[in-house]
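What follows is the content of protein34.txt, which has compact mmCIF, C-alpha atoms and all ligand atoms:
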```
# COMPACT_ATOMS: atom_id res chain seq x y z
CA MET A 1270 18.34 -23.26 -7.05
CA ASP A 1271 17.74 -27.00 -6.66
CA LEU A 1272 14.01 -27.50 -6.12
CA LYS A 1273 14.05 -31.17 -5.09
CA GLY A 1274 11.52 -31.64 -2.32
CA LYS A 1275 9.76 -28.37 -3.15
CA THR A 1276 6.15 -28.45 -4.30
CA CYS A 1277 5.13 -25.81 -6.81
CA VAL A 1278 1.66 -25.06 -8.13
CA VAL A 1279 1.38 -23.23 -11.45
CA THR A 1280 -1.82 -22.04 -13.13
CA GLY A 1281 -2.10 -21.56 -16.88
CA ALA A 1282 0.73 -23.97 -17.65
CA THR A 1283 -0.79 -25.25 -20.91
CA SER A 1284 0.65 -22.41 -22.95
CA GLY A 1285 3.10 -19.52 -23.14
CA ILE A 1286 4.79 -18.17 -20.03
CA GLY A 1287 3.16 -20.69 -17.68
CA GLU A 1288 4.32 -23.66 -19.72
CA ALA A 1289 7.88 -22.30 -19.87
CA THR A 1290 7.78 -21.64 -16.11
CA ALA A 1291 6.59 -25.19 -15.37
CA ARG A 1292 9.20 -26.73 -17.69
CA ASN A 1293 12.00 -24.85 -15.94
CA LEU A 1294 10.75 -25.68 -12.41
CA ALA A 1295 10.52 -29.36 -13.39
CA SER A 1296 14.07 -29.33 -14.76
CA ARG A 1297 15.27 -28.21 -11.33
CA GLY A 1298 13.58 -31.13 -9.58
CA ALA A 1299 10.37 -29.51 -8.32
CA THR A 1300 7.22 -31.50 -7.66
CA LEU A 1301 4.63 -29.82 -9.84
CA GLY A 1302 0.87 -29.39 -9.57
CA LEU A 1303 -0.41 -27.92 -12.82
CA VAL A 1304 -3.85 -26.34 -12.81
CA CYS A 1305 -5.43 -26.39 -16.27
CA ARG A 1306 -8.94 -26.17 -17.67
CA ASP A 1307 -8.40 -28.52 -20.61
CA LEU A 1308 -6.95 -31.91 -19.66
CA ALA A 1309 -5.98 -32.75 -23.27
CA LYS A 1310 -3.89 -29.57 -23.42
CA GLY A 1311 -2.56 -30.41 -19.96
CA GLU A 1312 -1.44 -33.83 -21.20
CA ARG A 1313 0.47 -32.14 -24.02
CA THR A 1314 2.25 -29.94 -21.46
CA VAL A 1315 3.09 -33.04 -19.42
CA GLU A 1316 4.58 -34.72 -22.53
CA CYS A 1317 6.57 -31.61 -23.30
CA ILE A 1318 7.95 -31.44 -19.73
CA ARG A 1319 8.66 -35.19 -19.65
CA ALA A 1320 10.55 -34.94 -22.96
CA GLN A 1321 13.02 -32.74 -21.10
CA THR A 1322 12.71 -34.13 -17.57
CA PRO A 1323 11.46 -37.73 -17.86
CA GLU A 1324 11.14 -38.40 -14.13
CA ALA A 1325 9.43 -35.10 -13.30
CA PRO A 1326 6.96 -35.67 -10.44
CA LEU A 1327 3.96 -33.79 -11.80
CA ARG A 1328 0.22 -33.98 -11.70
CA LEU A 1329 -2.58 -32.24 -13.56
CA PHE A 1330 -5.50 -30.66 -11.75
CA ARG A 1331 -8.51 -29.66 -13.82
CA ALA A 1332 -10.17 -26.32 -13.08
CA ASP A 1333 -11.79 -23.62 -15.14
CA LEU A 1334 -10.68 -20.50 -13.28
CA GLU A 1335 -13.82 -18.71 -14.51
CA SER A 1336 -15.73 -20.80 -12.01
CA GLN A 1337 -15.40 -20.18 -8.28
CA ALA A 1338 -16.83 -23.65 -7.61
CA ASP A 1339 -13.99 -25.13 -9.70
CA ILE A 1340 -11.42 -23.02 -7.84
CA ARG A 1341 -12.75 -24.19 -4.48
CA ARG A 1342 -12.76 -27.82 -5.62
CA VAL A 1343 -9.24 -27.69 -7.06
CA ALA A 1344 -7.87 -25.90 -3.98
CA GLY A 1345 -9.24 -28.80 -1.92
CA GLU A 1346 -7.66 -31.34 -4.27
CA LEU A 1347 -4.30 -29.56 -4.16
CA ALA A 1348 -4.35 -29.32 -0.37
CA GLU A 1349 -5.20 -33.01 -0.16
CA ALA A 1350 -2.51 -34.03 -2.64
CA TYR A 1351 0.26 -31.91 -1.14
CA PRO A 1352 0.89 -31.61 2.62
CA GLN A 1353 3.24 -28.74 1.74
CA ILE A 1354 3.15 -26.11 -1.01
CA HIS A 1355 6.29 -23.97 -1.28
CA LEU A 1356 5.45 -21.97 -4.38
CA LEU A 1357 2.24 -20.79 -6.01
CA VAL A 1358 2.52 -19.12 -9.41
CA ASN A 1359 -0.73 -17.37 -10.33
CA ASN A 1360 -0.16 -17.06 -14.05
CA ALA A 1361 -3.34 -17.94 -16.00
CA GLY A 1362 -4.70 -14.88 -17.74
CA ILE A 1363 -6.79 -13.67 -20.64
CA VAL A 1364 -7.48 -10.69 -22.86
CA ASN A 1365 -11.13 -10.56 -23.98
CA LEU A 1366 -12.00 -8.25 -26.84
CA SER A 1367 -15.69 -8.28 -25.97
CA TYR A 1368 -17.78 -8.37 -22.83
CA SER A 1369 -18.70 -11.69 -21.31
CA GLU A 1370 -19.68 -13.01 -17.91
CA THR A 1371 -18.65 -16.11 -15.99
CA VAL A 1372 -21.01 -18.72 -14.54
CA ASP A 1373 -20.83 -16.63 -11.36
CA GLY A 1374 -22.16 -13.56 -13.22
CA ILE A 1375 -18.85 -11.65 -13.05
CA GLU A 1376 -17.08 -9.95 -15.98
CA THR A 1377 -14.72 -12.66 -17.25
CA THR A 1378 -11.38 -10.80 -17.41
CA PHE A 1379 -11.72 -9.51 -13.85
CA ALA A 1380 -12.82 -12.96 -12.70
CA VAL A 1381 -9.95 -14.92 -14.31
CA ASN A 1382 -7.15 -12.39 -14.06
CA HIS A 1383 -7.85 -11.13 -10.54
CA LEU A 1384 -10.53 -13.01 -8.58
CA ALA A 1385 -9.06 -16.42 -9.46
CA TYR A 1386 -5.63 -15.31 -8.14
CA PHE A 1387 -7.32 -13.93 -5.03
CA LEU A 1388 -9.49 -16.95 -4.28
CA LEU A 1389 -7.01 -19.73 -5.09
CA THR A 1390 -4.28 -18.02 -3.06
CA ASN A 1391 -6.49 -17.47 -0.04
CA LEU A 1392 -7.69 -21.06 -0.14
CA LEU A 1393 -4.08 -22.34 -0.23
CA LEU A 1394 -2.72 -19.92 2.38
CA ASP A 1395 -2.73 -22.43 5.23
CA ARG A 1396 -0.63 -24.82 3.14
CA LEU A 1397 1.78 -22.02 2.14
CA ARG A 1398 2.11 -20.76 5.72
CA GLY A 1399 2.73 -24.29 6.92
CA SER A 1400 5.50 -24.68 4.31
CA ALA A 1401 7.36 -21.44 5.06
CA PRO A 1402 9.63 -20.23 3.64
CA ALA A 1403 7.19 -20.15 0.75
CA ARG A 1404 6.58 -17.79 -2.13
CA ILE A 1405 3.65 -16.57 -4.20
CA VAL A 1406 4.24 -15.06 -7.64
CA ASN A 1407 1.45 -13.07 -9.29
CA VAL A 1408 1.97 -12.60 -13.01
CA ALA A 1409 0.83 -9.02 -13.60
CA SER A 1410 1.80 -6.64 -16.40
CA ASP A 1411 2.98 -3.14 -17.20
CA ALA A 1412 -0.48 -2.91 -18.80
CA HIS A 1413 -1.56 -1.75 -15.31
CA LYS A 1414 -0.28 1.64 -16.49
CA PHE A 1415 -3.05 1.79 -19.14
CA VAL A 1416 -5.40 2.94 -16.36
CA ARG A 1417 -5.25 5.64 -13.70
CA GLY A 1418 -6.79 3.65 -10.88
CA MET A 1419 -9.25 0.88 -10.04
CA ASN A 1420 -12.70 1.41 -11.57
CA PHE A 1421 -14.50 0.89 -8.28
CA ASP A 1422 -17.67 2.54 -9.62
CA ASP A 1423 -17.89 -0.03 -12.45
CA LEU A 1424 -15.71 -3.05 -11.58
CA GLY A 1425 -17.83 -5.21 -13.87
CA HIS A 1426 -17.26 -2.86 -16.85
CA LYS A 1427 -21.01 -2.78 -17.51
CA GLN A 1428 -21.06 0.93 -18.38
CA LYS A 1429 -18.22 0.81 -20.86
CA TYR A 1430 -16.17 -2.09 -22.25
CA ALA A 1431 -12.78 -1.23 -23.76
CA SER A 1432 -10.71 -4.43 -23.80
CA MET A 1433 -7.26 -3.02 -23.06
CA ARG A 1434 -8.63 -0.87 -20.22
CA VAL A 1435 -10.41 -3.92 -18.84
CA TYR A 1436 -7.15 -5.90 -19.07
CA GLY A 1437 -5.22 -2.97 -17.54
CA HIS A 1438 -7.60 -2.84 -14.57
CA SER A 1439 -7.23 -6.58 -14.02
CA LYS A 1440 -3.44 -6.32 -14.02
CA LEU A 1441 -3.56 -3.31 -11.69
CA ALA A 1442 -5.70 -5.51 -9.42
CA ASN A 1443 -2.87 -8.13 -9.45
CA ILE A 1444 -0.41 -5.60 -8.04
CA LEU A 1445 -2.82 -4.13 -5.48
CA PHE A 1446 -3.65 -7.67 -4.35
CA THR A 1447 0.08 -8.41 -4.04
CA ARG A 1448 0.62 -5.34 -1.82
CA GLU A 1449 -2.30 -6.01 0.49
CA LEU A 1450 -1.46 -9.72 0.77
CA ALA A 1451 2.18 -8.90 1.56
CA ARG A 1452 1.00 -6.65 4.39
CA ARG A 1453 -1.21 -9.43 5.74
CA LEU A 1454 1.56 -12.03 5.45
CA ASP A 1455 4.16 -9.92 7.20
CA ALA A 1456 6.54 -12.09 9.29
CA SER A 1457 4.78 -15.29 8.20
CA GLY A 1458 7.70 -16.57 6.11
CA VAL A 1459 5.48 -16.42 3.01
CA THR A 1460 6.34 -13.72 0.50
CA VAL A 1461 4.29 -12.49 -2.44
CA ASN A 1462 5.51 -10.46 -5.39
CA ALA A 1463 4.16 -9.37 -8.77
CA VAL A 1464 5.97 -9.55 -12.09
CA HIS A 1465 5.80 -8.06 -15.55
CA PRO A 1466 7.11 -10.66 -18.03
CA GLY A 1467 7.62 -8.16 -20.87
CA ALA A 1468 6.06 -8.47 -24.31
CA VAL A 1469 6.04 -12.21 -24.98
CA ALA A 1470 4.94 -14.24 -28.02
CA THR A 1471 2.26 -16.49 -26.50
CA GLY A 1472 -1.34 -17.53 -27.05
CA LEU A 1473 -2.63 -14.44 -25.19
CA ALA A 1474 -5.71 -12.90 -26.90
CA GLY A 1475 -5.86 -15.94 -29.23
CA ASN A 1476 -9.28 -16.77 -27.76
CA ASN A 1477 -10.83 -13.89 -29.73
CA GLY A 1478 -11.17 -15.57 -33.11
CA ALA A 1479 -9.01 -16.25 -36.15
CA TRP A 1480 -8.36 -12.58 -36.92
CA ALA A 1481 -7.02 -11.81 -33.42
CA LYS A 1482 -4.92 -15.00 -33.52
CA ALA A 1483 -3.37 -13.95 -36.86
CA VAL A 1484 -2.63 -10.42 -35.59
CA MET A 1485 -0.99 -11.80 -32.43
CA LYS A 1486 1.15 -14.14 -34.55
CA VAL A 1487 2.48 -11.23 -36.58
CA VAL A 1488 2.97 -8.96 -33.57
CA GLY A 1489 4.60 -11.88 -31.76
CA LEU A 1490 7.45 -11.83 -34.26
CA PHE A 1491 8.74 -8.76 -32.41
CA PHE A 1492 8.21 -10.18 -28.91
CA LYS A 1493 10.41 -12.35 -26.70
CA SER A 1494 10.10 -16.11 -26.51
CA PRO A 1495 8.04 -17.75 -23.71
CA ASP A 1496 11.30 -19.03 -22.14
CA LYS A 1497 12.63 -15.48 -21.91
CA GLY A 1498 9.19 -14.28 -20.80
CA ALA A 1499 9.25 -16.75 -17.91
CA ALA A 1500 12.61 -15.50 -16.63
CA THR A 1501 11.24 -12.89 -14.23
CA SER A 1502 8.59 -15.25 -12.80
CA LEU A 1503 11.34 -17.82 -12.21
CA PHE A 1504 13.69 -15.25 -10.69
CA VAL A 1505 11.03 -14.09 -8.25
CA ALA A 1506 9.99 -17.69 -7.54
CA THR A 1507 13.42 -19.08 -6.79
CA SER A 1508 16.21 -16.53 -6.45
CA PRO A 1509 17.96 -16.48 -3.05
CA GLU A 1510 18.81 -12.83 -3.82
CA ILE A 1511 15.28 -11.69 -2.99
CA GLU A 1512 14.70 -13.94 0.02
CA GLY A 1513 12.30 -12.14 2.37
CA LEU A 1514 11.31 -9.39 -0.09
CA SER A 1515 7.55 -9.07 -0.38
CA GLY A 1516 4.92 -6.81 -1.91
CA ARG A 1517 7.27 -5.77 -4.71
CA TYR A 1518 7.03 -5.53 -8.48
CA PHE A 1519 9.66 -7.00 -10.81
CA ALA A 1520 10.46 -6.78 -14.52
CA ASN A 1521 13.55 -8.05 -16.35
CA CYS A 1522 14.57 -9.83 -13.13
CA LYS A 1523 14.92 -6.51 -11.29
CA GLU A 1524 12.75 -4.73 -8.80
CA ARG A 1525 10.80 -1.89 -10.42
CA THR A 1526 8.48 0.81 -9.13
CA PRO A 1527 4.99 0.17 -10.49
CA GLY A 1528 2.70 3.02 -11.57
CA ALA A 1529 1.26 5.37 -8.91
CA ALA A 1530 -2.17 3.66 -8.98
CA ALA A 1531 -0.47 0.37 -8.11
CA ARG A 1532 1.04 1.94 -4.97
CA ASP A 1533 -2.29 3.06 -3.55
CA ASP A 1534 -2.71 1.15 -0.28
CA VAL A 1535 -6.21 2.49 0.33
CA ALA A 1536 -7.31 1.11 -3.05
CA ALA A 1537 -5.54 -2.19 -2.24
CA ALA A 1538 -7.51 -2.56 1.01
CA ARG A 1539 -10.77 -1.60 -0.74
CA LEU A 1540 -10.16 -4.11 -3.54
CA TRP A 1541 -9.44 -6.82 -0.95
CA ALA A 1542 -12.75 -6.20 0.83
CA ILE A 1543 -14.69 -6.25 -2.46
CA SER A 1544 -12.88 -9.39 -3.62
CA GLU A 1545 -13.77 -11.11 -0.34
CA GLU A 1546 -17.43 -10.28 -0.95
CA LEU A 1547 -17.37 -11.36 -4.60
CA THR A 1548 -15.74 -14.71 -3.82
CA GLY A 1549 -17.72 -15.41 -0.67
CA LEU A 1550 -14.53 -15.43 1.41
CA ALA A 1551 -15.93 -12.73 3.68
CA THR A 1552 -18.71 -15.11 4.74
CA THR A 1553 -16.27 -18.01 5.16
CA SER A 1554 -13.89 -15.98 7.37
CA ALA A 1555 -16.80 -14.55 9.38
CA SER A 1556 -18.25 -18.01 10.07
CA ALA A 1557 -14.79 -19.44 10.80
CA GLY A 1558 -14.26 -16.69 13.37
CA SER A 1559 -17.68 -17.09 15.05
N1 LIG A 1601 2.25 -12.41 -23.36
C1 LIG A 1601 2.55 -11.21 -22.91
O1 LIG A 1601 3.12 -10.37 -23.63
C2 LIG A 1601 2.24 -10.83 -21.49
C3 LIG A 1601 2.65 -9.56 -21.04
C4 LIG A 1601 2.36 -9.21 -19.72
C5 LIG A 1601 1.70 -10.09 -18.89
N2 LIG A 1601 1.31 -11.31 -19.37
C6 LIG A 1601 0.60 -12.22 -18.45
O2 LIG A 1601 1.20 -13.50 -18.49
C7 LIG A 1601 0.26 -14.49 -18.04
C8 LIG A 1601 0.34 -15.69 -18.96
O3 LIG A 1601 -0.12 -15.32 -20.25
P1 LIG A 1601 0.52 -15.83 -21.62
O4 LIG A 1601 0.99 -14.61 -22.33
O5 LIG A 1601 1.46 -16.94 -21.37
O6 LIG A 1601 -0.82 -16.30 -22.37
P2 LIG A 1601 -1.29 -17.72 -22.93
O7 LIG A 1601 -0.24 -18.34 -23.75
O8 LIG A 1601 -2.62 -17.44 -23.56
O9 LIG A 1601 -1.49 -18.57 -21.61
C9 LIG A 1601 -2.56 -18.32 -20.74
C10 LIG A 1601 -2.79 -19.54 -19.88
O10 LIG A 1601 -3.91 -19.24 -19.01
C11 LIG A 1601 -4.83 -20.32 -19.12
N3 LIG A 1601 -6.21 -19.89 -18.87
C12 LIG A 1601 -6.89 -18.88 -19.45
N4 LIG A 1601 -8.14 -18.84 -18.99
C13 LIG A 1601 -8.27 -19.86 -18.10
C14 LIG A 1601 -9.33 -20.37 -17.33
N5 LIG A 1601 -10.55 -19.83 -17.36
N6 LIG A 1601 -9.10 -21.42 -16.52
C15 LIG A 1601 -7.87 -22.01 -16.48
N7 LIG A 1601 -6.83 -21.60 -17.21
C16 LIG A 1601 -7.02 -20.54 -18.02
C17 LIG A 1601 -4.69 -20.80 -20.55
O11 LIG A 1601 -5.29 -22.07 -20.68
P3 LIG A 1601 -5.76 -22.64 -22.13
O12 LIG A 1601 -4.50 -23.18 -22.76
O13 LIG A 1601 -6.76 -23.67 -21.78
O14 LIG A 1601 -6.32 -21.47 -22.89
C18 LIG A 1601 -3.18 -20.78 -20.68
O15 LIG A 1601 -2.62 -21.92 -20.07
C19 LIG A 1601 -1.10 -13.79 -18.02
O16 LIG A 1601 -1.45 -13.51 -16.69
C20 LIG A 1601 -0.86 -12.50 -18.80
O17 LIG A 1601 -1.71 -11.46 -18.38
C21 LIG A 1601 1.55 -11.71 -20.65
```

Please express the file's structure as structure tokens.
Amino acid sequence: MDLKGKTCVVTGATSGIGEATARNLASRGATLGLVCRDLAKGERTVECIRAQTPEAPLRLFRADLESQADIRRVAGELAEAYPQIHLLVNNAGIVNLSYSETVDGIETTFAVNHLAYFLLTNLLLDRLRGSAPARIVNVASDAHKFVRGMNFDDLGHKQKYASMRVYGHSKLANILFTRELARRLDASGVTVNAVHPGAVATGLAGNNGAWAKAVMKVVGLFFKSPDKGAATSLFVATSPEIEGLSGRYFANCKERTPGAAARDDVAAARLWAISEELTGLATTSASAGS
């Protein structure tokens, strides 16, 4: 699909799957807004994209997705820079081997992997609706099957911290968010789908010290390349074949049925309400409505 005239926003484009996604979108003519927390790394991504697509219209936007204030600021900057946004790829993600909290006092994996998707998307919804047909892609994972359901009694993982369970819950949250958002966006011309990229050799988990980095390098020898890992995100972002499909889960460029916990619409609605509270969106919508 030729993406000339289409504006695409990608988070986590300084590495791995996000970088490969951005490179491909740029090669098809898209105007790109790249959200990154480290501008030096962002500049390297820009150089890498420009080496392949010299005229690529792209711009870096700095935001640490651990910080809700940063997310609000960058959403404002994106909305100001782009009168239309046709594609939002929520891709930035982390695996944290030990417990930490964000500046907002929220467990970091849940904050970056789920709440950042939730908040940035909601803040850009007017732009996406106004640009319909538009698409949202949430990069989730089959790791959602590591857990049996959302840990509503301990969303902050304060009672027990087991990193892969924490990651699994955050990726389950991506799919539940996708389902509830799809329901809310019905007939709006904006679709939202979740993807599993497969096992991909990237920088994921590399933030946990030299030992974790070395292990991931070795394990990565058996994984697919970032370009192959980006294929499903790109398929869901651009393929005319799935025009109009929403609330679905894709892997290997095909629709898949996610685990039972990811099909729980009651949990999806509950997670939405909690996410609104945790991001302050509940207050914003209430005051906008009054
Ligand atoms: N790799 C896999 O096998 C695999 C499998 C299933 C799902 N996924 C999902 O794929 C997505 C991309 O991961 P990846 O494998 O490509 O990992 P990666 O190479 O580590 O890339 C992660 C990206 O997220 C960014 N990021 C992390 N925390 C951030 C923050 N607080 N603020 C702003 N940006 C932040 C990173 O920025 P920096 O460069 O500044 O760190 C980087 O650009 C994630 O959602 C992950 O859960 C990956």

Q: For range 1445-1447 of chain A, work out the shell of residues within 8 Å, counting all atoms listed in the file and skipping chain neighbours fewer than 2 positions away, then give it as a list of chain:residue names.
A: A:Phe1387, A:Asn1407, A:Leu1441, A:Ala1442, A:Asn1443, A:Glu1449, A:Leu1450, A:Ala1451, A:Val1461, A:Asn1462, A:Ala1463, A:Gly1516, A:Arg1517, A:Ala1531, A:Arg1532, A:Asp1533, A:Asp1534, A:Ala1536, A:Ala1537, A:Leu1540, A:Trp1541

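The interatomic distance for the pair CA of Leu1389 in chain A and CA of Gly1345 in chain A works out to 9.9 Å.
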
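For the point (6.8, -23.5, 3.3), the residues with at least one atom inside 9 Å, counting only C-alpha atoms, are A:Lys1275, A:Gln1353, A:Ile1354, A:His1355, A:Leu1356, A:Arg1396, A:Leu1397, A:Arg1398, A:Gly1399, A:Ser1400, A:Ala1401, A:Pro1402, A:Ala1403, A:Arg1404, A:Gly1458, A:Val1459.
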
Q.
Set the distance at 12 Å and use all atoms listed in the file: which residues neighbour Lys1486 in chain A once local chain neighbours fewer than 4 positions away are removed? I'd like the list as a list in words.
A. Val1469, Ala1470, Thr1471, Gly1472, Leu1473, Ala1474, Gly1475, Ala1479, Trp1480, Ala1481, Lys1482, Leu1490, Phe1491 and Phe1492 of chain A

May I have the residues within 7 Å of range 1358-1373 of chain A as a short mmCIF file (atom, residue, chain, number, x, y, z; two decimals) with C-alpha atoms, keeping the file's coordinate frame, using all atoms listed in the file and disregarding those fewer than 2 positions away in the same chain?
```cif
data_model
loop_
_atom_site.label_atom_id
_atom_site.label_comp_id
_atom_site.auth_asym_id
_atom_site.auth_seq_id
_atom_site.Cartn_x
_atom_site.Cartn_y
_atom_site.Cartn_z
CA VAL A 1278 1.66 -25.06 -8.13
CA VAL A 1279 1.38 -23.23 -11.45
CA THR A 1280 -1.82 -22.04 -13.13
CA GLY A 1281 -2.10 -21.56 -16.88
CA GLY A 1287 3.16 -20.69 -17.68
CA GLU A 1335 -13.82 -18.71 -14.51
CA SER A 1336 -15.73 -20.80 -12.01
CA LEU A 1356 5.45 -21.97 -4.38
CA ILE A 1375 -18.85 -11.65 -13.05
CA GLU A 1376 -17.08 -9.95 -15.98
CA THR A 1377 -14.72 -12.66 -17.25
CA THR A 1378 -11.38 -10.80 -17.41
CA VAL A 1381 -9.95 -14.92 -14.31
CA ASN A 1382 -7.15 -12.39 -14.06
CA TYR A 1386 -5.63 -15.31 -8.14
CA ILE A 1405 3.65 -16.57 -4.20
CA VAL A 1406 4.24 -15.06 -7.64
CA ASN A 1407 1.45 -13.07 -9.29
CA VAL A 1408 1.97 -12.60 -13.01
CA TYR A 1430 -16.17 -2.09 -22.25
CA SER A 1432 -10.71 -4.43 -23.80
CA TYR A 1436 -7.15 -5.90 -19.07
CA LEU A 1473 -2.63 -14.44 -25.19
CA ALA A 1474 -5.71 -12.90 -26.90
CA ASN A 1477 -10.83 -13.89 -29.73
#
```

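Put simply, CA of Ala1483 in chain A is 20.5 Å away from CA of Ala1431 in chain A.
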
Q: Go ahead and compute the interatomic distance for CA of Ala1385 in chain A and CA of Glu1512 in chain A, in Å to one decimal.
A: 25.7 Å

Q | Shortest interatomic distance to Pro1527 in chain A - which of A:Ala1412, A:Leu1424, A:Ala1468, A:Ala1500, counting all atoms listed in the file | A | A:Ala1412

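Distance annotation: of A:Arg1539, A:Arg1342, A:Arg1328, A:His1383, the residue with the minimal separation from Phe1421 in chain A is A:Arg1539; atom set is all atoms listed in the file.
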
Q: Kindly indicate which residue among A:Arg1297, A:Arg1434, A:Arg1306, A:Arg1448 lies nearest to ligand LIG 1601 (chain A), using all atoms listed in the file for the distances.
A: A:Arg1306

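Proximity of A:Asp1307, A:Glu1524, A:Asp1423, A:Glu1510 to ligand LIG 1601 (chain A), computed with only C-alpha atoms and all ligand atoms, is greatest for A:Asp1307.
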
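Of the listed residues A:His1465, A:His1438, A:Lys1414, A:Arg1525, the one whose atoms come nearest to ligand LIG 1601 (chain A) is A:His1465, with distances taken using all atoms listed in the file.
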